[in-house]
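Coordinates from protein-v9.cif are shown below (mmCIF, C-alpha atoms and all ligand atoms).
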```cif
data_my_file
loop_
_atom_site.label_atom_id
_atom_site.label_comp_id
_atom_site.auth_asym_id
_atom_site.auth_seq_id
_atom_site.Cartn_x
_atom_site.Cartn_y
_atom_site.Cartn_z
CA MET C 155 76.18 124.86 86.10
CA ASN C 156 76.10 126.06 89.70
CA ARG C 157 74.45 122.90 91.00
CA LYS C 158 74.60 121.37 94.43
CA ILE C 159 77.30 118.69 94.45
CA LYS C 160 75.86 115.17 94.63
CA ILE C 161 78.46 112.46 94.65
CA ALA C 162 78.45 108.79 93.68
CA VAL C 163 81.40 106.55 94.52
CA ILE C 164 81.47 103.57 92.14
CA GLY C 165 83.09 100.46 93.69
CA LEU C 166 83.21 100.22 97.49
CA GLY C 167 86.35 98.19 98.15
CA TYR C 168 89.58 99.01 99.98
CA VAL C 169 89.77 102.36 98.17
CA GLY C 170 86.13 103.23 97.50
CA LEU C 171 84.75 102.70 100.99
CA PRO C 172 87.15 105.03 102.86
CA THR C 173 86.70 107.61 100.08
CA TYR C 174 82.94 107.34 100.38
CA LEU C 175 83.00 107.57 104.18
CA ARG C 176 85.04 110.79 104.05
CA LEU C 177 82.67 112.34 101.52
CA GLU C 178 79.31 111.31 102.90
CA LYS C 179 79.92 113.35 106.05
CA LYS C 180 79.73 116.52 103.97
CA PHE C 181 77.86 115.76 100.74
CA ILE C 182 74.80 113.88 99.60
CA CYS C 183 76.46 110.70 98.53
CA VAL C 184 75.58 107.33 96.99
CA GLY C 185 77.97 104.44 97.54
CA PHE C 186 77.43 102.13 94.58
CA ASP C 187 78.75 98.60 94.08
CA ILE C 188 77.65 95.83 91.72
CA ASN C 189 78.31 93.26 94.43
CA LYS C 190 74.92 92.71 96.14
CA ASP C 191 76.48 90.95 99.12
CA ARG C 192 78.84 93.85 99.73
CA ILE C 193 75.92 96.31 99.66
CA TYR C 194 73.86 94.11 101.96
CA GLN C 195 76.75 93.89 104.42
CA LEU C 196 77.51 97.62 104.29
CA LYS C 197 73.84 98.46 104.86
CA ASN C 198 74.10 96.27 107.94
CA ARG C 199 77.27 98.13 108.90
CA PHE C 200 79.65 95.20 108.35
CA ASP C 201 82.93 95.58 106.45
CA VAL C 202 84.30 92.20 105.44
CA ASN C 203 87.71 93.84 104.83
CA LYS C 204 87.83 94.70 108.53
CA GLU C 205 88.99 98.25 107.85
CA PHE C 206 85.84 99.85 109.35
CA SER C 207 83.79 99.09 112.46
CA PHE C 208 80.03 99.06 112.99
CA ASN C 209 80.21 102.63 114.35
CA ASP C 210 82.32 103.86 111.42
CA LEU C 211 79.59 102.71 109.03
CA LYS C 212 76.82 104.88 110.43
CA LEU C 213 75.83 107.12 107.51
CA ASN C 214 74.31 110.56 107.53
CA LYS C 215 70.61 110.54 106.67
CA LYS C 216 70.94 111.68 103.07
CA SER C 217 73.56 109.11 102.06
CA LYS C 218 73.05 105.52 101.08
CA PHE C 219 74.65 102.33 99.79
CA SER C 220 73.10 100.87 96.67
CA ASN C 221 73.51 98.40 93.85
CA LYS C 222 70.73 99.98 91.78
CA VAL C 223 71.81 101.98 88.75
CA SER C 224 68.70 104.17 89.08
CA ASP C 225 70.07 105.47 92.40
CA LEU C 226 72.87 107.13 90.43
CA ASN C 227 70.47 109.32 88.42
CA ASP C 228 70.63 112.32 90.74
CA SER C 229 74.40 112.43 91.13
CA ASN C 230 76.60 114.87 89.23
CA PHE C 231 80.09 114.03 90.55
CA TYR C 232 81.18 110.43 89.98
CA ILE C 233 84.30 108.84 91.47
CA ILE C 234 85.29 105.46 90.03
CA THR C 235 87.28 103.16 92.33
CA VAL C 236 86.83 99.74 90.73
CA PRO C 237 89.58 97.07 90.51
CA THR C 238 92.21 96.96 87.78
CA PRO C 239 93.45 93.35 87.76
CA ILE C 240 95.37 91.39 85.13
CA TYR C 241 94.39 88.32 83.12
CA PRO C 242 96.29 85.05 83.71
CA ASN C 243 98.41 86.00 80.67
CA LYS C 244 99.34 89.22 82.61
CA LYS C 245 97.57 91.58 80.23
CA PRO C 246 95.53 94.40 81.88
CA ASP C 247 91.96 93.30 82.55
CA LEU C 248 89.97 96.46 81.96
CA ARG C 249 86.53 94.87 82.25
CA PRO C 250 85.58 96.40 85.66
CA LEU C 251 86.52 99.88 84.38
CA GLU C 252 84.66 99.32 81.12
CA LYS C 253 81.60 98.03 82.95
CA SER C 254 81.54 101.03 85.28
CA CYS C 255 81.76 103.37 82.27
CA LYS C 256 78.86 101.53 80.62
CA ILE C 257 76.81 102.00 83.80
CA LEU C 258 77.65 105.70 83.99
CA ASN C 259 76.85 106.09 80.33
CA LYS C 260 73.21 105.39 81.25
CA VAL C 261 73.00 108.11 83.91
CA ILE C 262 75.50 110.78 82.96
CA LYS C 263 74.31 114.29 82.04
CA ASN C 264 75.98 117.29 80.46
CA GLU C 265 78.23 119.22 82.88
CA ASP C 266 78.74 116.17 85.15
CA ILE C 267 82.20 115.45 86.54
CA ILE C 268 83.78 111.99 86.38
CA PHE C 269 86.92 111.23 88.36
CA PHE C 270 88.77 107.95 88.08
CA GLU C 271 90.86 106.74 91.02
CA SER C 272 91.74 103.20 89.88
CA THR C 273 95.38 102.62 88.95
CA VAL C 274 95.78 102.73 85.16
CA TYR C 275 98.38 103.55 82.52
CA PRO C 276 98.74 106.86 80.66
CA GLY C 277 96.00 107.63 78.16
CA LEU C 278 93.51 105.08 79.42
CA ILE C 279 91.18 107.52 81.19
CA ARG C 280 90.97 109.74 78.12
CA SER C 281 90.31 106.70 75.91
CA PHE C 282 87.30 105.87 78.12
CA LYS C 283 85.98 109.39 77.67
CA ASN C 284 86.21 108.95 73.91
CA ARG C 285 84.64 105.51 73.98
CA TYR C 286 81.81 105.96 76.46
CA PHE C 287 81.05 109.64 76.98
CA LYS C 288 81.75 111.09 73.57
CA ASN C 289 78.33 112.64 73.09
CA LYS C 290 78.19 114.30 76.49
CA LYS C 291 79.89 117.45 77.69
CA ILE C 292 81.47 116.01 80.82
CA PHE C 293 84.52 117.07 82.85
CA LEU C 294 87.13 114.43 83.31
CA GLY C 295 89.68 113.96 86.09
CA TYR C 296 92.08 111.45 87.56
CA SER C 297 93.10 111.21 91.19
CA PRO C 298 95.24 108.15 91.89
CA GLU C 299 94.86 106.53 95.27
CA ARG C 300 97.79 105.95 97.62
CA LEU C 301 95.86 104.43 100.46
CA ASN C 302 97.78 101.79 102.40
CA PRO C 303 95.28 99.40 104.03
CA GLY C 304 96.16 98.46 107.60
CA ASP C 305 98.27 101.62 107.99
CA LYS C 306 96.94 103.70 110.88
CA VAL C 307 99.57 106.45 110.42
CA ASN C 308 99.39 107.32 106.71
CA THR C 309 95.60 107.63 106.61
CA ILE C 310 93.49 108.85 103.67
CA LYS C 311 93.19 112.28 105.33
CA LYS C 312 96.96 112.74 105.68
CA ILE C 313 98.26 111.21 102.46
CA LYS C 314 99.19 113.74 99.75
CA LYS C 315 96.64 113.21 96.99
CA ILE C 316 97.25 114.03 93.35
CA VAL C 317 94.25 115.60 91.59
CA SER C 318 94.51 116.13 87.84
CA TYR C 319 91.89 117.38 85.41
CA ASP C 320 91.43 118.94 81.99
CA SER C 321 90.89 122.67 81.62
CA CYS C 322 87.41 123.58 82.83
CA PRO C 323 85.36 126.55 84.04
CA ASN C 324 86.20 128.01 87.44
CA ILE C 325 83.01 126.77 89.04
CA ILE C 326 83.95 123.18 88.13
CA LYS C 327 87.46 123.73 89.48
CA LYS C 328 85.94 125.03 92.69
CA ASN C 329 83.70 121.97 93.03
CA ILE C 330 86.60 119.61 92.38
CA SER C 331 88.60 121.37 95.12
CA LYS C 332 85.65 121.21 97.52
CA VAL C 333 85.29 117.47 97.02
CA TYR C 334 88.98 116.55 97.14
CA ASN C 335 89.75 118.86 100.06
CA THR C 336 87.20 116.82 101.97
CA ILE C 337 89.07 113.60 101.22
CA SER C 338 92.60 114.77 101.96
CA ASN C 339 94.27 117.67 103.73
CA ASN C 340 97.08 117.59 101.20
CA ILE C 341 96.10 118.03 97.56
CA VAL C 342 98.70 118.23 94.78
CA PHE C 343 97.12 119.54 91.58
CA SER C 344 98.25 118.64 88.08
CA LYS C 345 97.00 119.87 84.73
CA SER C 346 97.93 116.61 83.04
CA ILE C 347 95.80 113.51 83.56
CA GLU C 348 98.40 111.47 81.64
CA ASN C 349 101.27 112.57 83.91
CA ALA C 350 99.19 111.69 86.96
CA GLU C 351 98.37 108.26 85.49
CA MET C 352 102.06 107.60 84.88
CA SER C 353 103.14 108.87 88.32
CA LYS C 354 100.82 106.45 90.12
CA VAL C 355 101.82 103.32 88.29
CA ILE C 356 105.57 104.00 88.68
CA GLU C 357 105.28 104.62 92.45
CA ASN C 358 104.18 101.05 92.98
CA ILE C 359 106.69 99.65 90.50
CA GLN C 360 109.55 101.41 92.26
CA ARG C 361 108.55 99.70 95.51
CA ASP C 362 108.20 96.32 93.81
CA ILE C 363 111.67 96.62 92.27
CA ASN C 364 113.32 97.73 95.52
CA ILE C 365 111.82 94.79 97.39
CA ALA C 366 112.88 92.46 94.56
CA PHE C 367 116.47 93.65 94.98
CA MET C 368 116.37 92.80 98.69
CA ASN C 369 114.70 89.47 97.97
CA GLU C 370 117.47 88.60 95.53
CA ILE C 371 120.18 89.44 98.09
CA PHE C 372 118.22 87.53 100.71
CA MET C 373 118.07 84.35 98.61
CA VAL C 374 121.76 84.51 97.68
CA CYS C 375 122.79 85.07 101.33
CA LYS C 376 120.69 82.07 102.40
CA LYS C 377 122.19 79.92 99.65
CA SER C 378 125.72 80.92 100.66
CA ASN C 379 125.25 80.82 104.46
CA LEU C 380 125.91 84.53 104.83
CA ASN C 381 124.10 86.39 107.58
CA PHE C 382 121.63 88.53 105.61
CA LYS C 383 120.69 90.59 108.66
CA GLU C 384 124.29 91.55 109.28
CA VAL C 385 125.03 92.12 105.59
CA ILE C 386 122.22 94.70 105.43
CA LYS C 387 123.18 96.26 108.76
CA LEU C 388 126.68 96.83 107.41
CA ALA C 389 125.50 98.10 104.03
CA LYS C 390 123.10 100.51 105.72
CA THR C 391 126.03 102.31 107.33
CA LYS C 392 126.52 103.92 103.91
CA TRP C 393 124.54 107.18 103.76
CA ASN C 394 122.70 106.40 100.55
CA PHE C 395 121.90 102.69 100.94
CA LEU C 396 118.10 102.36 100.66
CA ASP C 397 116.26 100.67 103.49
CA PHE C 398 113.94 97.98 102.17
CA SER C 399 113.13 94.56 103.62
CA PRO C 400 112.74 91.25 101.86
CA GLY C 401 109.29 89.68 101.92
CA LEU C 402 106.43 88.02 100.11
CA VAL C 403 104.95 90.59 97.72
CA GLY C 404 101.21 90.27 97.09
CA GLY C 405 98.00 92.28 96.99
CA HIS C 406 96.16 94.10 94.27
CA CYS C 407 98.85 96.65 93.37
CA LEU C 408 102.53 95.64 93.34
CA PRO C 409 102.12 92.29 91.55
CA VAL C 410 99.86 93.92 88.94
CA ASP C 411 101.06 97.43 88.15
CA PRO C 412 104.36 96.51 86.43
CA TYR C 413 102.29 94.66 83.84
CA TYR C 414 100.15 97.78 83.22
CA PHE C 415 103.33 99.77 82.61
CA TYR C 416 104.82 96.98 80.47
CA HIS C 417 101.68 96.85 78.34
CA TYR C 418 101.70 100.63 77.91
CA ALA C 419 105.43 100.76 77.06
CA LYS C 420 104.88 98.05 74.45
CA THR C 421 102.25 100.15 72.70
CA LYS C 422 104.96 102.82 72.48
CA GLY C 423 107.47 100.37 70.99
CA HIS C 424 109.49 99.94 74.21
CA ASN C 425 110.28 96.63 75.90
CA ALA C 426 110.17 97.48 79.65
CA GLN C 427 111.91 94.32 80.80
CA PHE C 428 113.66 95.69 83.90
CA MET C 429 110.47 95.81 85.98
CA LEU C 430 109.41 92.36 84.83
CA SER C 431 112.63 90.87 86.17
CA GLY C 432 111.69 92.40 89.55
CA ARG C 433 108.34 90.61 89.29
CA LYS C 434 110.09 87.35 88.49
CA VAL C 435 112.36 87.59 91.54
CA ASN C 436 109.48 88.47 93.88
CA ASP C 437 107.44 85.53 92.62
CA GLU C 438 110.47 83.21 92.86
CA LEU C 439 110.72 83.86 96.60
CA GLU C 440 107.56 81.81 97.11
CA TYR C 441 109.22 78.70 95.65
CA PHE C 442 112.48 79.40 97.50
CA ILE C 443 110.62 79.45 100.84
CA PHE C 444 108.50 76.46 99.90
CA LYS C 445 111.67 74.43 99.32
CA LYS C 446 113.18 75.60 102.63
CA ILE C 447 110.09 74.55 104.58
CA VAL C 448 109.80 71.19 102.81
CA GLU C 449 113.49 70.43 103.52
CA LYS C 450 113.02 71.28 107.20
CA ILE C 451 109.87 69.17 107.57
CA LYS C 452 111.48 66.19 105.85
CA SER C 453 114.92 66.35 107.44
CA GLU C 454 113.55 66.79 110.97
CA LYS C 455 110.60 64.44 110.40
CA LEU C 456 108.21 67.04 111.74
CA LYS C 457 104.60 66.04 112.35
CA LYS C 458 102.60 69.18 113.04
CA ILE C 459 103.39 72.59 111.57
CA LEU C 460 101.66 75.90 112.22
CA ILE C 461 101.86 78.76 109.74
CA LEU C 462 101.22 82.23 111.17
CA GLY C 463 99.56 84.54 108.66
CA VAL C 464 98.12 83.98 105.19
CA SER C 465 97.09 87.51 104.16
CA TYR C 466 99.16 89.32 101.55
CA LYS C 467 100.82 91.61 104.08
CA ALA C 468 100.87 92.57 107.75
CA GLN C 469 97.78 94.15 109.42
CA VAL C 470 95.38 93.42 106.54
CA SER C 471 92.75 90.78 105.83
CA ASP C 472 93.23 90.98 102.04
CA LEU C 473 94.09 87.63 100.44
CA ARG C 474 94.43 88.86 96.84
CA ASN C 475 97.62 87.52 95.23
CA SER C 476 98.85 86.45 98.68
CA LEU C 477 102.05 84.40 98.41
CA ALA C 478 101.70 83.38 102.08
CA LEU C 479 98.30 81.88 101.22
CA ASN C 480 99.79 80.15 98.15
CA LEU C 481 102.55 78.69 100.32
CA TYR C 482 100.07 77.41 102.88
CA LEU C 483 97.87 75.80 100.22
CA LYS C 484 100.83 74.16 98.49
CA LEU C 485 102.23 72.83 101.78
CA LYS C 486 98.78 71.58 102.77
CA LYS C 487 98.49 69.75 99.47
CA LYS C 488 101.86 68.09 100.02
CA PHE C 489 101.69 67.32 103.74
CA LYS C 490 97.88 67.21 104.29
CA ASN C 491 96.92 67.30 107.99
CA LYS C 492 100.43 68.09 109.16
CA ILE C 493 99.93 71.71 108.13
CA ASN C 494 97.71 74.29 109.82
CA ALA C 495 97.53 78.02 109.38
CA TYR C 496 96.24 80.71 111.70
CA ASP C 497 95.38 84.27 110.69
CA PRO C 498 93.23 86.32 113.06
CA LYS C 499 92.92 89.15 110.53
CA ILE C 500 91.03 87.30 107.85
CA ASP C 501 87.26 87.05 107.71
CA LYS C 502 85.53 83.90 109.03
CA LEU C 503 84.13 82.98 105.60
CA GLN C 504 87.60 83.18 104.04
CA SER C 505 89.01 81.17 106.91
CA LYS C 506 86.40 78.47 106.26
CA LYS C 507 87.04 78.56 102.51
CA PHE C 508 90.78 78.00 102.91
CA ASN C 509 90.52 75.78 105.96
CA THR C 510 92.57 77.97 108.31
CA LEU C 511 92.21 78.21 112.09
CA ASN C 512 90.32 81.00 113.87
CA LYS C 513 91.81 80.02 117.19
CA ILE C 514 94.80 77.99 118.29
CA LYS C 515 93.76 75.55 120.92
CA LYS C 516 96.98 73.85 122.01
CA MET C 517 100.33 75.27 121.04
CA ASN C 518 102.00 72.14 122.40
CA ASN C 519 100.55 70.23 119.45
CA TYR C 520 102.97 71.93 117.07
CA ASP C 521 106.58 71.00 116.56
CA LEU C 522 107.31 73.92 114.21
CA ILE C 523 105.88 77.44 113.93
CA ILE C 524 106.47 79.49 110.78
CA PRO C 525 105.54 83.21 110.74
CA LEU C 526 104.96 84.24 107.12
CA VAL C 527 103.16 87.54 107.79
CA ASN C 528 104.30 90.09 110.34
CA HIS C 529 100.91 90.85 111.98
CA LYS C 530 101.40 92.91 115.14
CA ASN C 531 99.22 90.57 117.19
CA PHE C 532 101.56 87.67 116.45
CA LYS C 533 104.43 89.46 118.13
CA ASN C 534 102.21 90.34 121.12
CA LYS C 535 100.97 86.78 121.40
CA PHE C 536 104.02 84.69 120.62
CA TYR C 537 107.08 86.81 121.30
CA ARG C 538 107.52 85.75 124.93
CA ASP C 539 107.36 82.06 123.99
CA TYR C 540 109.74 82.70 121.12
CA LYS C 541 112.26 84.42 123.43
CA LYS C 542 112.05 81.58 125.92
CA ASN C 543 112.58 79.02 123.18
CA LYS C 544 109.36 77.41 124.28
CA PHE C 545 108.49 76.26 120.77
CA LYS C 546 110.55 75.67 117.66
CA TYR C 547 110.30 78.53 115.13
CA LEU C 548 111.37 78.89 111.52
CA ASP C 549 111.44 82.69 111.43
CA ILE C 550 112.48 83.11 107.79
CA PHE C 551 112.21 86.92 107.70
CA ASN C 552 113.38 87.53 111.30
CA TYR C 553 109.98 88.95 112.22
CA PHE C 554 110.43 87.88 115.84
CA SER C 555 114.12 88.60 116.16
CA LYS C 556 114.02 92.11 114.64
N1 LIG G 601 93.85 98.20 97.74
C1 LIG G 601 94.80 99.10 97.80
O1 LIG G 601 95.59 99.12 98.72
C2 LIG G 601 94.95 100.16 96.72
C3 LIG G 601 95.77 101.25 96.97
C4 LIG G 601 95.91 102.22 95.99
C5 LIG G 601 95.25 102.07 94.77
N2 LIG G 601 94.45 100.97 94.56
C6 LIG G 601 93.75 100.89 93.28
O2 LIG G 601 92.39 101.23 93.51
C7 LIG G 601 91.54 100.44 92.66
C8 LIG G 601 90.52 99.70 93.51
O3 LIG G 601 91.19 98.75 94.31
P1 LIG G 601 90.54 98.12 95.61
O4 LIG G 601 91.64 97.44 96.35
O5 LIG G 601 89.70 99.12 96.32
O6 LIG G 601 89.60 97.03 94.94
P2 LIG G 601 88.50 96.12 95.69
O7 LIG G 601 88.44 94.85 94.95
O8 LIG G 601 88.75 96.12 97.16
O9 LIG G 601 87.15 96.93 95.48
C9 LIG G 601 86.58 97.17 94.28
C10 LIG G 601 85.06 97.17 94.43
O10 LIG G 601 84.51 97.54 93.16
C11 LIG G 601 83.38 96.74 92.92
N3 LIG G 601 83.16 96.73 91.48
C12 LIG G 601 83.78 96.02 90.51
N4 LIG G 601 83.32 96.37 89.30
C13 LIG G 601 82.38 97.32 89.51
C14 LIG G 601 81.55 98.07 88.66
N5 LIG G 601 81.59 97.93 87.34
N6 LIG G 601 80.69 98.96 89.21
C15 LIG G 601 80.62 99.13 90.54
N7 LIG G 601 81.40 98.44 91.41
C16 LIG G 601 82.26 97.55 90.90
C17 LIG G 601 83.72 95.39 93.51
O11 LIG G 601 82.54 94.67 93.79
C18 LIG G 601 84.50 95.81 94.77
O12 LIG G 601 83.63 95.92 95.89
C19 LIG G 601 92.46 99.56 91.85
O13 LIG G 601 92.76 100.17 90.64
C20 LIG G 601 93.73 99.49 92.70
O14 LIG G 601 94.87 99.25 91.93
C21 LIG G 601 94.27 100.03 95.52
#
```

Could you rewrite the structure in this file as structure tokens?
Amino acid sequence: MNRKIKIAVIGLGYVGLPTYLRLEKKFICVGFDINKDRIYQLKNRFDVNKEFSFNDLKLNKKSKFSNKVSDLNDSNFYIITVPTPIYPNKKPDLRPLEKSCKILNKVIKNEDIIFFESTVYPGLIRSFKNRYFKNKKIFLGYSPERLNPGDKVNTIKKIKKIVSYDSCPNIIKKNISKVYNTISNNIVFSKSIENAEMSKVIENIQRDINIAFMNEIFMVCKKSNLNFKEVIKLAKTKWNFLDFSPGLVGGHCLPVDPYYFYHYAKTKGHNAQFMLSGRKVNDELEYFIFKKIVEKIKSEKLKKILILGVSYKAQVSDLRNSLALNLYLKLKKKFKNKINAYDPKIDKLQSKKFNTLNKIKKMNNYDLIIPLVNHKNFKNKFYRDYKKNKFKYLDIFNYFSK
């Protein structure tokens, strides 16, 4: 049982890659992903998500990236960080998790440790143990991830990380601590995997609901010609008014997690409708803004419009569930060549796929500029022109005037 720890991180995306890079400095570590292109790029020290540079991706000699299942044979500590999306009908799509369990089923040995980090609902991790690893004596754990891509302050090392596991021998506990203390300086232990599963999913839902509340106020203020900025400034003078901003909610977590909770609650005979109304409001904002932009273009007979930002939020390249991207594509469909979008964060291949600009040649060509994502480099690049009223802006979320 007292074996040398050999780790495999399964799924090298926004969560898996930073986890892997923290661990491979100290342990023998395989970074495994089923996506061949991702492995090829990582081997060539290129991160399409633009979270890590060429230098960051230099591995220690004993570590490697791989898409071969046989490379997992020697590992004894597995960390699963695969996606947890939803189907178009909003039901949890557990196929990536199931597939990773099937892969591990081929390589797992008695006494191995499996930690899941993907966001799930209570009971799911244990159900996988029963379905896929029933005949093996493995140790199971769950450590939800709170990583915030694009955030250079709350980094993986500093974020408090919950680590939960079933009762196990002291040597296993020691190994779990060794591994997770390498990832984060702030570990919060729990003896209940189910409580940890629940705590993760509700963190994201709370944020989604709070933003939905602001989005609702925002839309009503706009419809009634009230100054939203001032309304919030006044309300914030009360000591317990919560400070959230309206905005387009996208990405892999907030638009998805309420449905995981909803599905779970339903299995317990509870209709968790409150969080779904938050989802509805946040999705409605896309149409509200679409209408605003269309009205402006039509009423002012505008000819050339530039959208700033298509990623799902500021400082990231991630386009998953991006409402800014949806808006751009819908406007492009309606107004064809009148609409351009520029996002310096996104990868060149994505830019080509969605026909966005990598560079803006002549600003004078545009008679309206619409910032939809608050990337820092937009403020650096355009703020002076904005202040001088050099170009016409539709700054829906007051990104420039904040
Ligand atoms: N992105 C975030 O900001 C964030 C933050 C906290 C938690 N999470 C959660 O972490 C999990 C992972 O999210 P992500 O954003 O890193 O996803 P991602 O899509 O960026 O990365 C997932 C990676 O897993 C790979 N993969 C898919 N199925 C696989 C399999 N069976 N075996 C091996 N590799 C496989 C994919 O090719 C991809 O490279 C999700 O549950 C998400 O909800 C994400």

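Nearest-residue note for ligand LIG 601 (chain G): choosing from C:Asn308, C:Asn264, C:Ser318, C:Ser254, the minimum distance belongs to C:Ser254, counting all atoms listed in the file.
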
Counting all atoms listed in the file, the residue of C:Gln195, C:Asn531, C:Thr173, C:Thr273 that sits nearest C:Ser338: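 Looking at the shortest contact to C:Ser338, the residue is C:Thr173.
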
Could the centre and edge lengths of an axis-aligned box, enclosing all atoms of stretch 460-465 of chain C in the file with 3 Å extra on each side, be given in Å to one decimal as JSON?
```
{"center_x": 99.5, "center_y": 81.7, "center_z": 108.2, "size_x": 10.8, "size_y": 17.6, "size_z": 14.1}
```

Close residues to ligand LIG 601 (chain G) using all atoms listed in the file, limit 7 Å, as a PyMOL selection string: chain C and resi 164-170+186-189+192+235-238+250-251+253-254+271-274+298-303+406-407

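Here atom CA of C:Phe395 and atom CA of C:Asn379 stand 22.4 Å from one another.
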
Polymer residues at most 7 Å from C:Ile267, only C-alpha atoms, same-chain spacing of 5 or more positions, as a list in words: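 My list of contacting residues is Asn230, Phe231, Tyr232, Ile292, Phe293 and Leu294 of chain C.
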
Given the choices C:Ile524, C:Leu213, C:Ile233, C:Leu226, which gets closest to C:Ile447 if the distance is worked out from all atoms listed in the file? C:Ile524

From the list C:Val527, C:Val448, C:Val163, C:Ala419, which residue is nearest C:Val464 when using all atoms listed in the file?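 Nearest to C:Val464: C:Val527.
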
Taking all atoms listed in the file into account, which of C:Pro525, C:Gly432, C:Gly304, C:Gly423 comes nearest C:Leu408?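 Comparing C:Pro525, C:Gly432, C:Gly304, C:Gly423 against C:Leu408, the winner is C:Gly432.
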
Would you compute the distance between atom CA of C:Leu278 and atom CA of C:Phe343? Give it in Å to one decimal. 19.2 Å

Skip C:Tyr319 itself and residues of its chain fewer than 3 positions away, then list as a compact mmCIF listing (two decimals) with C-alpha atoms, keeping the file's coordinate frame all residues within 9 Å of it, counting only C-alpha atoms.
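Final output, saved to selection15.txt:
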```
# COMPACT_ATOMS: atom_id res chain seq x y z
CA PHE C 269 86.92 111.23 88.36
CA PHE C 293 84.52 117.07 82.85
CA LEU C 294 87.13 114.43 83.31
CA GLY C 295 89.68 113.96 86.09
CA TYR C 296 92.08 111.45 87.56
CA SER C 297 93.10 111.21 91.19
CA CYS C 322 87.41 123.58 82.83
CA LYS C 327 87.46 123.73 89.48
CA PHE C 343 97.12 119.54 91.58
CA SER C 344 98.25 118.64 88.08
CA LYS C 345 97.00 119.87 84.73
CA SER C 346 97.93 116.61 83.04
CA ILE C 347 95.80 113.51 83.56
```

Of the candidates C:Asn552, C:Gly404, C:Pro276, C:Lys434, which one gets nearest to C:Glu384 if we count only C-alpha atoms?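 Answer, going by the shortest atom-to-atom distance: C:Asn552.
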
Distance query 12 Å from (70.3, 97.2, 93.7) using only C-alpha atoms, result as an mmCIF file with C-alpha atoms, in the coordinates of the input:
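Heads up, here's the output in result.cif:
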```
data_model
loop_
_atom_site.group_PDB
_atom_site.id
_atom_site.type_symbol
_atom_site.label_atom_id
_atom_site.label_comp_id
_atom_site.auth_asym_id
_atom_site.auth_seq_id
_atom_site.Cartn_x
_atom_site.Cartn_y
_atom_site.Cartn_z
ATOM 1 C CA VAL C 184 75.580 107.330 96.990
ATOM 2 C CA GLY C 185 77.970 104.440 97.540
ATOM 3 C CA PHE C 186 77.430 102.130 94.580
ATOM 4 C CA ASP C 187 78.750 98.600 94.080
ATOM 5 C CA ILE C 188 77.650 95.830 91.720
ATOM 6 C CA ASN C 189 78.310 93.260 94.430
ATOM 7 C CA LYS C 190 74.920 92.710 96.140
ATOM 8 C CA ASP C 191 76.480 90.950 99.120
ATOM 9 C CA ARG C 192 78.840 93.850 99.730
ATOM 10 C CA ILE C 193 75.920 96.310 99.660
ATOM 11 C CA TYR C 194 73.860 94.110 101.960
ATOM 12 C CA LYS C 197 73.840 98.460 104.860
ATOM 13 C CA LYS C 218 73.050 105.520 101.080
ATOM 14 C CA PHE C 219 74.650 102.330 99.790
ATOM 15 C CA SER C 220 73.100 100.870 96.670
ATOM 16 C CA ASN C 221 73.510 98.400 93.850
ATOM 17 C CA LYS C 222 70.730 99.980 91.780
ATOM 18 C CA VAL C 223 71.810 101.980 88.750
ATOM 19 C CA SER C 224 68.700 104.170 89.080
ATOM 20 C CA ASP C 225 70.070 105.470 92.400
ATOM 21 C CA LEU C 226 72.870 107.130 90.430
#
```

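Take atom CA of C:Asn349 and atom CA of C:Asp320: the distance between them is 11.9 Å.
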
Exercise: C:Lys458 partners within 8 Å, only C-alpha atoms, chain neighbours under 4 positions left out, as a ChimeraX atom specification: /C:491-494,519-522

Residues from last step as file, C-alpha atoms, as an mmCIF file, keeping the file's coordinate frame:
```
data_model
loop_
_atom_site.group_PDB
_atom_site.id
_atom_site.type_symbol
_atom_site.label_atom_id
_atom_site.label_comp_id
_atom_site.auth_asym_id
_atom_site.auth_seq_id
_atom_site.Cartn_x
_atom_site.Cartn_y
_atom_site.Cartn_z
ATOM 1 C CA ASN C 491 96.920 67.300 107.990
ATOM 2 C CA LYS C 492 100.430 68.090 109.160
ATOM 3 C CA ILE C 493 99.930 71.710 108.130
ATOM 4 C CA ASN C 494 97.710 74.290 109.820
ATOM 5 C CA ASN C 519 100.550 70.230 119.450
ATOM 6 C CA TYR C 520 102.970 71.930 117.070
ATOM 7 C CA ASP C 521 106.580 71.000 116.560
ATOM 8 C CA LEU C 522 107.310 73.920 114.210
#
```

Report as a PyMOL selection string all protein, DNA and RNA residues lying within 10 Å of C:Asp362, evaluated on all atoms listed in the file, omitting residues in the same chain fewer than 5 positions from it. chain C and resi 356-357+367+403-404+407-412+429-430+432-433+435-436

Could the residues of stretch 369-480 of chain C that have an atom at most 10 Å from stretch 506-517 of chain C be listed as a tab-separated table, each with its closest atom pair and the distance in Å to one decimal, counting all atoms listed in the file and ordered by chain and ascending residue number?
```
residue	atom	partner	partner_atom	distance
C:Leu460	CA	C:Met517	CA	8.9
C:Ile461	CA	C:Thr510	CA	9.4
C:Leu462	CA	C:Leu511	CA	9.9
C:Gly463	CA	C:Thr510	CA	9.6
C:Val464	CA	C:Thr510	CA	8.8
C:Leu479	CA	C:Phe508	CA	8.6
```
